Amino acid sequence: MYDLLRKSFQTFAKAEAATSSPLYEFLSYKIVGDEELLEVIRYIPKTQPKPNLFFAAVHYLLMQVDDPLRHYYPSLTNNPLPFHESYPLFKSFALKHQQQLKQTFQEKLVQTNEVRRSAYLYPLIASIYEHEQKPLALIEIGSSAGLLLALDYYNYCYNNDLLITLCDHPFTIQSVNNGNPLPASITIKPEIKERIGIDLNVVNLQNPDEYRWMQALIWPEHQERRQQFMEAKEINESVEKVMLEGDAIQLLSKAIQLINKNHQIVIFHTHVANQLPKEVKESLIDVLKNESISRPLYHIYNNLYDMDLHQDY
């Protein structure tokens, strides 16, 4: 009955948490053999990744109550206790709050907004701007809270020595480039005139509950990631965007029609297409081809055909 759930937590522990979250790796292996918790977890919708949503839901509830389990979460205490002692309290907390967890499973989505992805998107955007020599209009599919739409408001540092200063605040995204040399165009700030985000569930970071959920999705040990998310939120409060809620296949043409004819359209999405069925991917490409008949556009993406980052024109 629980075989698929067990497999999902084993895979999560080995392939994702092992090098990134000792707490989640430990808890995942424990959950594999715990039918009481697996019974709670099976209420997570089929469309959602079970370990990610379960751990985020526990994290989310734990942020709101005073419970001894907090002492094992680096995100909730300055001096966390050893993670390998956490399971009894973790299980007790999950069972005690199982009704709230089940409600959270139905109301929330695994919907991160990883601002560090800007580091690999920015060189592509800058290169397009240099090539086209006209203002850009960005459309992001699966935009969540829209943090990536403001990628020209962040500073970047590549390989610890190439500093790209686009704004006067200290917020800087560190990255390592292991491929070909980055284009010289990255030193020139692109002119981005329009920003449109499309998501099935647009996240409003001004809403305290939605902001709390986005923080809960960040793994407990990821302090730098959490700090960057908080700083990016503050920066984005002054960045004007249009956020459209609904299905991207249905809304993409509408979004394109909103854009000034003199602006170059750039459509992008990161780590979204892996959640799309084959027929939806094909529909997306059909929409892009049809729209490109009347207006040239760029398409930046990964996980559509493979895990690599692509740019089509």
# chains A, B, ... in the order shown; residues from 1 in each chain; ligands from 1
call {"tool": "select_by_dssp", "arguments": {"residues": "segment 70-159 of chain A", "states": "strand (DSSP E)", "output": "VMD selection string"}}
result
chain A and resid 136 to 141 155 to 158
call {"tool": "residues_around", "arguments": {"residues": "segment 302-309 of chain A", "least_positions_apart": "4", "cutoff": "7 Å", "atoms": "only C-alpha atoms", "output": "mmCIF file with C-alpha atoms, in the first residue's frame"}}
result
data_model
loop_
_atom_site.group_PDB
_atom_site.id
_atom_site.type_symbol
_atom_site.label_atom_id
_atom_site.label_comp_id
_atom_site.auth_asym_id
_atom_site.auth_seq_id
_atom_site.Cartn_x
_atom_site.Cartn_y
_atom_site.Cartn_z
ATOM 1 C CA THR A 270 13.083 27.238 -15.238
ATOM 2 C CA HIS A 271 12.382 23.845 -13.663
ATOM 3 C CA ALA A 273 8.493 21.886 -17.811
ATOM 4 C CA ASN A 274 9.427 18.713 -15.894
#
call {"tool": "atom_distance", "arguments": {"atom1": "atom CA of Ala119 of chain A", "atom2": "atom CA of Tyr154 of chain A"}}
result
9.3 Å
call {"tool": "select_by_dssp", "arguments": {"residues": "segment 115-178 of chain A", "states": "helix (DSSP H, G or I)", "output": "PyMOL selection string"}}
result
chain A and resi 115-132+147-153
call {"tool": "residues_around", "arguments": {"residues": "Arg6 of chain A", "least_positions_apart": "4", "cutoff": "9 Å", "atoms": "only C-alpha atoms", "output": "short mmCIF file (atom, residue, chain, number, x, y, z; two decimals) with N, CA and C atoms, in the first residue's frame"}}
result
data_model
loop_
_atom_site.label_atom_id
_atom_site.label_comp_id
_atom_site.auth_asym_id
_atom_site.auth_seq_id
_atom_site.Cartn_x
_atom_site.Cartn_y
_atom_site.Cartn_z
N TYR A 2 1.99 1.20 0.69
CA TYR A 2 2.83 2.39 0.82
C TYR A 2 4.12 2.30 0.00
N GLN A 10 12.89 7.38 -0.17
CA GLN A 10 14.23 6.82 -0.35
C GLN A 10 14.99 7.58 -1.43
N THR A 11 14.31 7.84 -2.53
CA THR A 11 14.93 8.58 -3.64
C THR A 11 15.27 10.00 -3.22
N SER A 28 13.84 11.31 6.28
CA SER A 28 13.30 10.55 5.15
C SER A 28 13.50 9.06 5.35
N TYR A 29 14.69 8.66 5.75
CA TYR A 29 14.96 7.22 5.96
C TYR A 29 14.11 6.67 7.10
N ILE A 31 11.10 7.81 7.93
CA ILE A 31 9.71 7.78 7.47
C ILE A 31 9.45 6.54 6.61
N VAL A 32 10.45 6.09 5.89
CA VAL A 32 10.30 4.91 5.02
C VAL A 32 9.73 3.72 5.79
N GLY A 33 10.11 3.57 7.05
CA GLY A 33 9.66 2.43 7.84
C GLY A 33 8.54 2.75 8.82
N LEU A 38 3.34 7.47 7.06
CA LEU A 38 3.01 7.24 5.66
C LEU A 38 1.51 7.35 5.42
#
call {"tool": "closest_residue", "arguments": {"among": "A:Val115, A:Asp247, A:Asn178, A:Tyr156", "to": "Ser283 of chain A", "atoms": "only C-alpha atoms"}}
result
A:Asp247
call {"tool": "closest_residue", "arguments": {"among": "A:Lys91, A:Lys14, A:His84, A:Arg195", "to": "Ile41 of chain A", "atoms": "only C-alpha atoms"}}
result
A:Lys91
call {"tool": "closest_residue", "arguments": {"among": "A:Met1, A:Leu149, A:Leu205, A:Ala17", "to": "Val266 of chain A", "atoms": "only C-alpha atoms"}}
result
A:Leu149
call {"tool": "residues_around", "arguments": {"residues": "Asn204 of chain A", "least_positions_apart": "2", "cutoff": "12 Å", "atoms": "only C-alpha atoms", "output": "list in words"}}
result
Asn113, Ser143, Ser144, Ala145, Gly146, Leu147, Asp199, Asn201, Val202, Gln206, Asn207, Pro208, Asp209, Glu210, Tyr211, Arg212, Trp213, Met214, Lys233, Asn236, Glu237, Met243, Leu244 and Glu245 of chain A
